[in-house]
Structures are given as C-alpha cells and as structure tokens.
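Below is one structure, written out as structure tokens; the observations come after it.
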Amino acid sequence: MKGQVLWLILCTVAGSSSGRRTGSSGAATSSLSTNEVRQLTEELLTLDTGLSQPSVSRQGKTSGSSTGDSATNPLIVNVPRATLSKPTVELMQRLLDNYEPRTTSTEVHTNAEITEENNFVDALMQTPLMQRLETFLKQKNLIRSSLQSTLKDIWFTLYRRGGRNIASSGFEHVFVGELKDGKVAGFHNWLNFRKEEQEGDLDYKGYMKFVDLHGKGQIVKLRFEWLNEAKPVGTVFIGTTPELEIALYTLCFLAKPDSKCPVQLAGNKFNIQTWTFTSGGKTVIGSAYPDI
C-alpha cells in the first residue's frame, strides 16, 4: 500500500513539473492560461515587421447557404512589389506549386521541394517573432528540441488523409488547400488565394465577416469556389506575414490542441482552432485556422 501511495505521489510531481497533460487526442495539452496566450500573441504581433498591405475588395456579403455570387471581382486586387519580395513571402510562394490538390493523389516529394521547405523554415527562424516564440515554448516545456526541427515535423510530415495514398501535410492543408469528397478542405492563406485567383482557378463569392489588424493584415470569413469545388465557409488571413500565421498556429497546436485557442491581435479577441493528426506514432498538424 505504501509503495502504491509513493508511486502516485511521484507520478503527480512528475506530471506537474512539465505543465503539460495528455488530452483525449493523445496530444500534449499545456496548462497555459487564456491571459498568457493572449499576451504572447499580442507581443508576437508587435514583433512582427508586417507588410505593405495588398488592396482588398471584399464587395458584397454572403452566407454559407447562399448559391449566388456577391462578388463579381477578385478579392485580392493588388499586392505591392516590396511585399512579394520579402524573404519569407517569396520563399513561401515557391512552395505553392509543390502539391497535388486531391487527397487521393500521391504526393511526389522531391529533393528540390525538400530544399524549398528547409529554406522557408530557415527564413522563418531568422525573424524576431519566431525567435521569441521559441524562447517561450522552451520556457513552458512545450518543445523539447529546437523550434526549427519542430516546425519541419509538424508542418511538413506527409501522411494519408482518409485514403490509401500519402497525399497530405499540415502545410498543404492549411496554406495551399486540398480537394476532398467534392469540397475544398483547408485553404486559409492569402498568398495561394491570390495565386489561384490570378490563374483563374478560384472564384471569390463574397464575405460574411472581417477583423482588421490595424496595418498588419486582416482576417476575412468568406465563401469561394476553387477548381470548381465549393468552400461554403472559410477564413483567410490576408496581408499577414507567413511567420505570424505559422507562429499563431504552432503556438495553439502545441498549447491548446484540438480546441479553440484564445488569442488576441491588435486588441481583437478571437480563437485559433487546431486539429491534430497522428501518423506513424507522430502527432502533427491536421488543420489550423482562425475562428472569427
């Protein structure tokens, strides 16, 4: 009996020292408070260098049940050259054509594509915002290795998404978008939204709501069609830096997985929803998006 009591005490101490617990998904969940997360995300926004903002035409309002078109023109009208030449933006754009949209199509992961991924992550880690995030995550025992290696694991590990083929990754789903079961899945980034609009493959249908980040971007809740498949309701960061988006999603994935993670940007309180995916014993990002 005494041995059992001592064992329980030791387990309790060991569990409390890390500040982490295991959720039903199998992912580690932190005990960070709402205030801690919101204070950090505001700090990350302050550290973010930002971008010269693109011209955005939200046009008419719509709803998820609508079948009409409330926007006859593209959403993203013009992007300053200085924005497109920012290192992290330029390197992210090189990744956008590396993926097969359909989750039933096997991804061919070439050495050149791996190099592009590594270069992108390297550039992310050069930013003050990501360096601050790494310090915070280590202080809170949310990562054991470097943030750089963590980003490569959780964002770029390839896995099966409801099919037989290795056809998906967290990065593809969130930042590029996928086609699954006749619908658009993921697709929460403005750089690919712009690219697909320019190529004539995406038809913006109108917006439902937006949040202004006061010169650092905006979040738009909207409806669109991509490659003739529908996204009745989606949210997209627009005019934000890749490092800010990656930082927010990574923080929430590690601290509040499979839940609504309370964040704050430019005084706006909203949630980041993340979903985990387990592949080969490794927990990676299944999805992540702003919930406004």
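Note on naming: chains are A, B, ... as they come in the structure tokens, residues start from 1 per chain, ligands start from 1 in the order shown.
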
key: Per-residue DSSP, range 87-242 of chain A, filtered to strand (DSSP E), as a PyMOL selection string   = chain A and resi 178-180+183-185+202-212+218-226+229-238

Contacts of range 70-79 of chain A within 9 Å, only C-alpha atoms, excl. fewer than 4 positions in-chain, as a PyMOL selection string = chain A and resi 52-62+83-84+190+193-194+197-198+202-207+238-239

Just-selected residues, C-alpha atoms written as a CSV table (one decimal), in the first residue's frame:
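Full text of result_8.csv as output:
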```
chain,number,residue,atom,x,y,z
A,52,SER,CA,2.9,46.8,-47.2
A,53,GLN,CA,-0.8,45.8,-47.4
A,54,PRO,CA,-2.4,44.4,-50.5
A,55,SER,CA,-5.5,46.1,-52.0
A,56,VAL,CA,-8.5,44.0,-50.9
A,57,SER,CA,-12.1,44.2,-52.4
A,58,ARG,CA,-14.5,42.4,-50.1
A,59,GLN,CA,-17.6,43.5,-52.1
A,60,GLY,CA,-21.0,42.0,-51.1
A,61,LYS,CA,-21.9,40.0,-48.1
A,62,THR,CA,-23.0,36.3,-48.4
A,83,THR,CA,5.6,42.7,-50.1
A,84,LEU,CA,6.2,39.9,-52.6
A,190,TRP,CA,-3.9,34.7,-48.8
A,193,PHE,CA,-5.7,32.7,-52.7
A,194,ARG,CA,-4.1,35.4,-54.8
A,197,GLU,CA,-7.4,34.0,-58.5
A,198,GLN,CA,-4.8,35.2,-60.9
A,202,LEU,CA,-10.6,30.4,-57.8
A,203,ASP,CA,-13.9,32.3,-57.8
A,204,TYR,CA,-14.5,34.5,-54.7
A,205,LYS,CA,-18.2,34.7,-53.8
A,206,GLY,CA,-18.4,37.3,-51.0
A,207,TYR,CA,-17.7,37.7,-47.3
A,238,ILE,CA,-4.9,38.5,-45.7
A,239,GLY,CA,-1.8,40.7,-45.7
```

inquiry  = Show me, as a count of residues only, the residues that have an atom within 8 Å of His173 in chain A when counting only C-alpha atoms, minus same-chain residues fewer than 4 positions from it.
reply    = 9

task = If you run DSSP over the backbone, which residues in range 97-292 of chain A end up helix (DSSP H, G or I)? Put them as a PyMOL selection string.
result = chain A and resi 111-124+128-139+147-156+170-176+190-198+242-255

request  = Could you please determine the separation between CA of Ile272 in chain A and CA of Lys138 in chain A in Å, to one decimal place?
outcome  =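 According to the coordinates, CA of Ile272 in chain A and CA of Lys138 in chain A are separated by 21.0 Å.
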